[in-house]
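One file, data_2.pdb, is given below (PDB, C-alpha atoms and all ligand atoms).
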```pdb
ATOM      1  CA  MET A  45     -69.276 188.031  16.804
ATOM      2  CA  LEU A  46     -67.858 188.480  13.367
ATOM      3  CA  LEU A  47     -66.925 185.417  11.402
ATOM      4  CA  PHE A  48     -64.600 186.338   8.600
ATOM      5  CA  LEU A  49     -62.701 184.423   6.012
ATOM      6  CA  VAL A  50     -60.578 185.330   3.078
ATOM      7  CA  LEU A  51     -60.103 182.695   0.447
ATOM      8  CA  VAL A  52     -57.621 182.840  -2.351
ATOM      9  CA  CYS A  53     -57.879 180.114  -4.935
ATOM     10  CA  LEU A  54     -54.768 179.538  -6.940
ATOM     11  CA  LEU A  55     -54.443 177.064  -9.726
ATOM     12  CA  LYS A  56     -50.675 176.940  -9.787
ATOM     13  CA  SER A  57     -48.600 175.199  -7.224
ATOM     14  CA  PHE A  58     -45.597 176.634  -5.429
ATOM     15  CA  ASN A  59     -42.279 174.901  -5.026
ATOM     16  CA  LEU A  60     -41.510 175.043  -1.325
ATOM     17  CA  GLY A  61     -38.547 172.731  -1.595
ATOM     18  CA  GLU A  62     -40.694 169.838  -0.458
ATOM     19  CA  ALA A  63     -42.429 167.081  -2.343
ATOM     20  CA  ASP A  64     -45.220 168.668  -4.359
ATOM     21  CA  THR A  65     -48.529 167.416  -3.006
ATOM     22  CA  THR A  66     -50.038 167.906  -6.455
ATOM     23  CA  ASP A  67     -47.659 165.411  -8.136
ATOM     24  CA  GLY A  68     -49.693 162.897 -10.077
ATOM     25  CA  PHE A  69     -52.834 165.048 -10.124
ATOM     26  CA  THR A  70     -54.313 166.607 -13.250
ATOM     27  CA  PRO A  71     -55.206 170.300 -12.827
ATOM     28  CA  VAL A  72     -58.869 171.129 -13.325
ATOM     29  CA  PRO A  73     -59.741 174.710 -14.261
ATOM     30  CA  LEU A  74     -61.696 176.493 -11.556
ATOM     31  CA  THR A  75     -63.420 179.687 -12.615
ATOM     32  CA  GLN A  76     -66.048 182.062 -11.268
ATOM     33  CA  ALA A  77     -68.566 179.945 -13.220
ATOM     34  CA  ASN A  78     -67.918 177.129 -10.717
ATOM     35  CA  PHE A  79     -68.781 179.343  -7.759
ATOM     36  CA  GLU A  80     -72.255 179.476  -6.295
ATOM     37  CA  LEU A  81     -72.282 182.216  -3.685
ATOM     38  CA  GLN A  82     -74.564 181.852  -0.684
ATOM     39  CA  ARG A  83     -75.192 184.548   1.913
ATOM     40  CA  PRO A  84     -77.763 185.431   4.558
ATOM     41  CA  TYR A  85     -80.959 185.694   2.510
ATOM     42  CA  ASN A  86     -81.924 189.148   3.775
ATOM     43  CA  VAL A  87     -78.728 191.055   2.949
ATOM     44  CA  PRO A  88     -77.233 192.024  -0.429
ATOM     45  CA  LEU A  89     -74.244 189.959  -1.536
ATOM     46  CA  GLU A  90     -71.890 192.967  -1.435
ATOM     47  CA  GLU A  91     -72.512 193.288   2.324
ATOM     48  CA  ARG A  92     -70.990 189.840   2.945
ATOM     49  CA  TYR A  93     -68.644 189.196   0.000
ATOM     50  CA  SER A  94     -66.088 190.922  -2.193
ATOM     51  CA  TYR A  95     -63.741 189.776  -4.938
ATOM     52  CA  GLU A  96     -60.779 191.995  -5.723
ATOM     53  CA  HIS A  97     -57.269 191.302  -7.009
ATOM     54  CA  GLY A  98     -57.983 187.558  -7.071
ATOM     55  CA  ILE A  99     -58.996 187.472  -3.400
ATOM     56  CA  HIS A 100     -62.426 186.355  -2.266
ATOM     57  CA  LYS A 101     -63.450 187.883   1.065
ATOM     58  CA  LEU A 102     -66.422 186.393   2.870
ATOM     59  CA  TRP A 103     -67.860 187.323   6.221
ATOM     60  CA  VAL A 104     -70.911 186.478   8.288
ATOM     61  CA  TYR A 105     -72.180 187.427  11.722
ATOM     62  CA  ALA A 106     -73.306 184.939  14.336
ATOM     63  CA  ASN A 107     -76.762 186.544  14.380
ATOM     64  CA  ASP A 108     -77.161 186.563  10.573
ATOM     65  CA  LYS A 109     -79.994 184.656   8.901
ATOM     66  CA  PRO A 110     -79.384 181.397   7.029
ATOM     67  CA  HIS A 111     -78.964 181.411   3.238
ATOM     68  CA  ASP A 112     -82.611 180.527   2.644
ATOM     69  CA  PRO A 113     -85.752 181.571   4.548
ATOM     70  CA  ASN A 114     -86.781 177.886   4.741
ATOM     71  CA  SER A 115     -83.399 176.711   6.030
ATOM     72  CA  HIS A 116     -82.750 175.948   9.684
ATOM     73  CA  THR A 117     -78.965 175.868   9.236
ATOM     74  CA  GLN A 118     -76.404 178.237  10.765
ATOM     75  CA  PRO A 119     -75.806 181.577   9.065
ATOM     76  CA  ARG A 120     -73.386 181.327   6.194
ATOM     77  CA  THR A 121     -71.567 183.192   3.526
ATOM     78  CA  GLU A 122     -70.163 180.484   1.337
ATOM     79  CA  ILE A 123     -68.630 179.668  -1.980
ATOM     80  CA  ARG A 124     -70.051 176.365  -3.047
ATOM     81  CA  ILE A 125     -68.032 174.814  -5.850
ATOM     82  CA  GLU A 126     -70.356 173.529  -8.566
ATOM     83  CA  GLY A 127     -69.770 171.424 -11.657
ATOM     84  CA  LEU A 128     -66.881 169.404 -10.260
ATOM     85  CA  ASP A 129     -68.879 166.742  -8.430
ATOM     86  CA  TYR A 130     -67.296 163.324  -8.235
ATOM     87  CA  SER A 131     -68.150 159.969  -6.765
ATOM     88  CA  SER A 132     -64.872 158.100  -7.159
ATOM     89  CA  GLY A 133     -61.156 158.594  -7.447
ATOM     90  CA  VAL A 134     -58.964 160.960  -5.478
ATOM     91  CA  GLN A 135     -59.509 164.703  -5.758
ATOM     92  CA  GLN A 136     -57.513 167.539  -4.290
ATOM     93  CA  PHE A 137     -58.461 171.166  -3.647
ATOM     94  CA  GLU A 138     -55.746 173.722  -3.108
ATOM     95  CA  GLY A 139     -56.452 177.150  -1.699
ATOM     96  CA  TYR A 140     -55.053 179.733   0.630
ATOM     97  CA  GLY A 141     -57.039 181.332   3.401
ATOM     98  CA  PHE A 142     -56.751 183.978   6.066
ATOM     99  CA  VAL A 143     -58.736 184.062   9.309
ATOM    100  CA  PRO A 144     -58.453 187.297  11.319
ATOM    101  CA  ASN A 145     -57.903 187.198  15.048
ATOM    102  CA  GLY A 146     -61.207 187.052  16.919
ATOM    103  CA  THR A 147     -63.040 184.885  14.403
ATOM    104  CA  SER A 148     -64.329 181.721  16.016
ATOM    105  CA  GLY A 149     -66.604 178.863  15.049
ATOM    106  CA  VAL A 150     -66.166 179.505  11.335
ATOM    107  CA  THR A 151     -66.145 176.595   8.900
ATOM    108  CA  ILE A 152     -63.421 177.103   6.334
ATOM    109  CA  SER A 153     -63.935 173.939   4.305
ATOM    110  CA  GLU A 154     -66.666 171.371   3.943
ATOM    111  CA  ILE A 155     -66.979 168.329   1.716
ATOM    112  CA  HIS A 156     -70.491 167.019   1.253
ATOM    113  CA  GLY A 157     -71.399 163.389   0.889
ATOM    114  CA  ALA A 158     -70.451 160.500   3.139
ATOM    115  CA  SER A 159     -71.409 156.896   3.699
ATOM    116  CA  SER A 160     -73.069 158.107   6.898
ATOM    117  CA  GLY A 161     -73.979 161.707   7.633
ATOM    118  CA  ALA A 162     -74.177 164.714   5.339
ATOM    119  CA  THR A 163     -70.482 165.555   5.206
ATOM    120  CA  THR A 164     -67.152 163.797   4.823
ATOM    121  CA  LEU A 165     -65.152 166.686   6.197
ATOM    122  CA  ILE A 166     -65.658 169.954   8.006
ATOM    123  CA  LEU A 167     -62.679 172.057   9.103
ATOM    124  CA  ARG A 168     -63.421 174.841  11.571
ATOM    125  CA  ILE A 169     -61.446 177.517  13.365
ATOM    126  CA  TYR A 170     -61.886 177.905  17.123
ATOM    127  CA  ASP A 171     -59.629 180.324  19.007
ATOM    128  CA  GLY A 172     -57.106 180.302  16.173
ATOM    129  CA  ASN A 173     -56.904 176.517  15.987
ATOM    130  CA  MET A 174     -58.214 174.326  13.197
ATOM    131  CA  ARG A 175     -60.349 171.362  14.226
ATOM    132  CA  TYR A 176     -62.079 168.485  12.485
ATOM    133  CA  TYR A 177     -65.653 169.547  13.231
ATOM    134  CA  SER A 178     -65.237 170.806  16.828
ATOM    135  CA  GLY A 179     -63.125 167.799  17.835
ATOM    136  CA  ASP A 180     -59.721 166.609  16.722
ATOM    137  CA  LEU A 181     -57.054 169.309  16.497
ATOM    138  CA  VAL A 182     -55.601 169.703  12.981
ATOM    139  CA  ASP A 183     -53.399 172.814  13.293
ATOM    140  CA  THR A 184     -52.744 175.646  15.742
ATOM    141  CA  GLY A 185     -51.920 179.361  15.802
ATOM    142  CA  LEU A 186     -53.750 180.276  12.605
ATOM    143  CA  TYR A 187     -55.110 183.727  13.444
ATOM    144  CA  ASP A 188     -53.711 186.371  11.106
ATOM    145  CA  ASN A 189     -51.622 183.730   9.334
ATOM    146  CA  GLY A 190     -52.065 182.178   5.929
ATOM    147  CA  LEU A 191     -53.810 178.806   5.791
ATOM    148  CA  ASP A 192     -52.748 176.265   3.185
TER
HETATM  149  C1  LIG B   1     -55.598 188.117  19.324
HETATM  150  O1  LIG B   1     -56.231 189.130  20.059
HETATM  151  C2  LIG B   1     -56.128 188.948  21.460
HETATM  152  C3  LIG B   1     -56.983 190.031  22.127
HETATM  153  O2  LIG B   1     -56.667 191.297  21.625
HETATM  154  C4  LIG B   1     -54.673 189.004  21.873
HETATM  155  O3  LIG B   1     -54.557 188.789  23.268
HETATM  156  C5  LIG B   1     -53.906 187.923  21.125
HETATM  157  O4  LIG B   1     -52.528 188.019  21.409
HETATM  158  C6  LIG B   1     -54.136 188.053  19.637
HETATM  159  N1  LIG B   1     -53.511 186.910  18.958
HETATM  160  C7  LIG B   1     -52.755 187.070  17.868
HETATM  161  C8  LIG B   1     -52.231 185.808  17.258
HETATM  162  O5  LIG B   1     -52.492 188.145  17.392
END
```

If you convert what's in this file into structure tokens, what do you get?
Amino acid sequence: MLLFLVLVCLLKSFNLGEADTTDGFTPVPLTQANFELQRPYNVPLEERYSYEHGIHKLWVYANDKPHDPNSHTQPRTEIRIEGLDYSSGVQQFEGYGFVPNGTSGVTISEIHGASSGATTLILRIYDGNMRYYSGDLVDTGLYDNGLD
């Protein structure tokens, strides 16, 4: 099974005629220097990632290796955002994604650190629907559509 994700990070907001969810926030520059790319340890980066025309494309197969030979985690191709760690206040990340039809079980966003457990948030796609971990339904019908 192919897990595939396209991520587009944009620093400007769009006016959709609704209240701007970024009102009151201060933009923080996000550059390639903030990106730590992880991929299955036994394949070259270009076999799981590309960056063209401002679009990051990441993909991973269910039978890929983890990112580190000593790791027992699931296979991943991931952009980990570095240098913007925080421990207080309210932070917002804005990005646009695209998940092709047929992708399932892919994590599209993860926030590390929690009062209990390793993560505060994981959003995954199963059968075109976004779920909090594999539980609560967040959004539906997302295959071949843009994700905000
Ligand atoms: C996804 O692919 C399946 C199998 O080809 C098809 O039945 C379904 O309609 C597709 N869904 C979308 C949203 O295109």

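When the PyMOL selection byres (((chain A and resi 72) around 12) and not hetatm) is evaluated on the file shown here, the picked residues come out as Leu54, Leu55, Lys56, Thr66, Phe69, Thr70, Pro71, Pro73, Leu74, Thr75, Asn78, Gly127, Leu128, Asp129, Gln135, Gln136, Phe137 and Glu138 of chain A.
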
Inset, instruction - Could you check which of A:Val182, A:Pro88, A:Val143, A:Ser132 is closest to ligand LIG 1 (chain B), using all atoms listed in the file? - result: A:Val143

Inset, instruction - Name the residues captured by the PyMOL selection byres (((chain A and resi 112) around 12) and not hetatm) when it is applied to the shown file; answer as a list in words. - result: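 Selection result, ordered by chain and number: Gln82, Arg83, Pro84, Tyr85, Asn86, Val87, Asp108, Lys109, Pro110, His111, Pro113, Asn114, Ser115, His116, Thr117, Gln118, Pro119, Arg120 and Thr121 of chain A.
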
Calculate, to one decimal in Å, the centre and edge lengths of the box along x, y and z of the file that holds all listed atoms of ligand LIG 1 (chain B) with 6 Å of margin on each side, and present them as AutoDock Vina command-line options.
```
--center_x -54.6 --center_y 188.6 --center_z 20.3 --size_x 16.8 --size_y 17.5 --size_z 18.0
```

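Interatomic distance, CA of Gly149 (chain A) against atom C4 of ligand LIG 1 (chain B): 17.1 Å.
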
Legend entry - Straight-line distance linking atom C2 of ligand LIG 1 (chain B) with CA of Met174 (chain A), stated in Å to one decimal: 16.9 Å

Inset, instruction - Could you check which of A:Ile99, A:Leu186, A:Leu165, A:Asn173 is closest to Gly139 (chain A), using all atoms listed in the file? - result: A:Ile99

Inset, instruction - Could you state which residues are captured by the PyMOL selection byres (((not hetatm)) within 7 of (chain B and resi 1)) in this file, as a list in words? - result: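 Given this file, the PyMOL selection byres (((not hetatm)) within 7 of (chain B and resi 1)) evaluates to Asn145, Gly146, Gly185, Tyr187 and Asp188 of chain A.
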
Legend entry - Residue nearest Gly141 (chain A) - candidates A:Asn189, A:Tyr93, A:Trp103, A:Phe79, atoms counted: only C-alpha atoms: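 Checking each of A:Asn189, A:Tyr93, A:Trp103, A:Phe79 against Gly141 (chain A), counting only C-alpha atoms, the winner is A:Asn189.
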
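Put simply, CA of Leu167 (chain A) is 16.0 Å away from CA of Pro144 (chain A).
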
Inset, instruction - Mind checking which residues fall within 12 Å of Leu181 (chain A), counting only C-alpha atoms, ignoring those fewer than 5 positions away in the same chain, and posting them as a ChimeraX atom specification? - result: /A:167-176

Quick one: write out the picked residues with C-alpha atoms as a PDB file, in the coordinates of the input?
```
ATOM      1  CA  LEU A 167     -62.679 172.057   9.103  1.00  0.00           C
ATOM      2  CA  ARG A 168     -63.421 174.841  11.571  1.00  0.00           C
ATOM      3  CA  ILE A 169     -61.446 177.517  13.365  1.00  0.00           C
ATOM      4  CA  TYR A 170     -61.886 177.905  17.123  1.00  0.00           C
ATOM      5  CA  ASP A 171     -59.629 180.324  19.007  1.00  0.00           C
ATOM      6  CA  GLY A 172     -57.106 180.302  16.173  1.00  0.00           C
ATOM      7  CA  ASN A 173     -56.904 176.517  15.987  1.00  0.00           C
ATOM      8  CA  MET A 174     -58.214 174.326  13.197  1.00  0.00           C
ATOM      9  CA  ARG A 175     -60.349 171.362  14.226  1.00  0.00           C
ATOM     10  CA  TYR A 176     -62.079 168.485  12.485  1.00  0.00           C
TER      11      TYR A 176
END
```

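Between Ser153 (chain A) and the residues A:Asp180, A:Glu122, A:Leu81, A:Tyr130, the shortest atom-to-atom distance, using only C-alpha atoms, involves A:Glu122.
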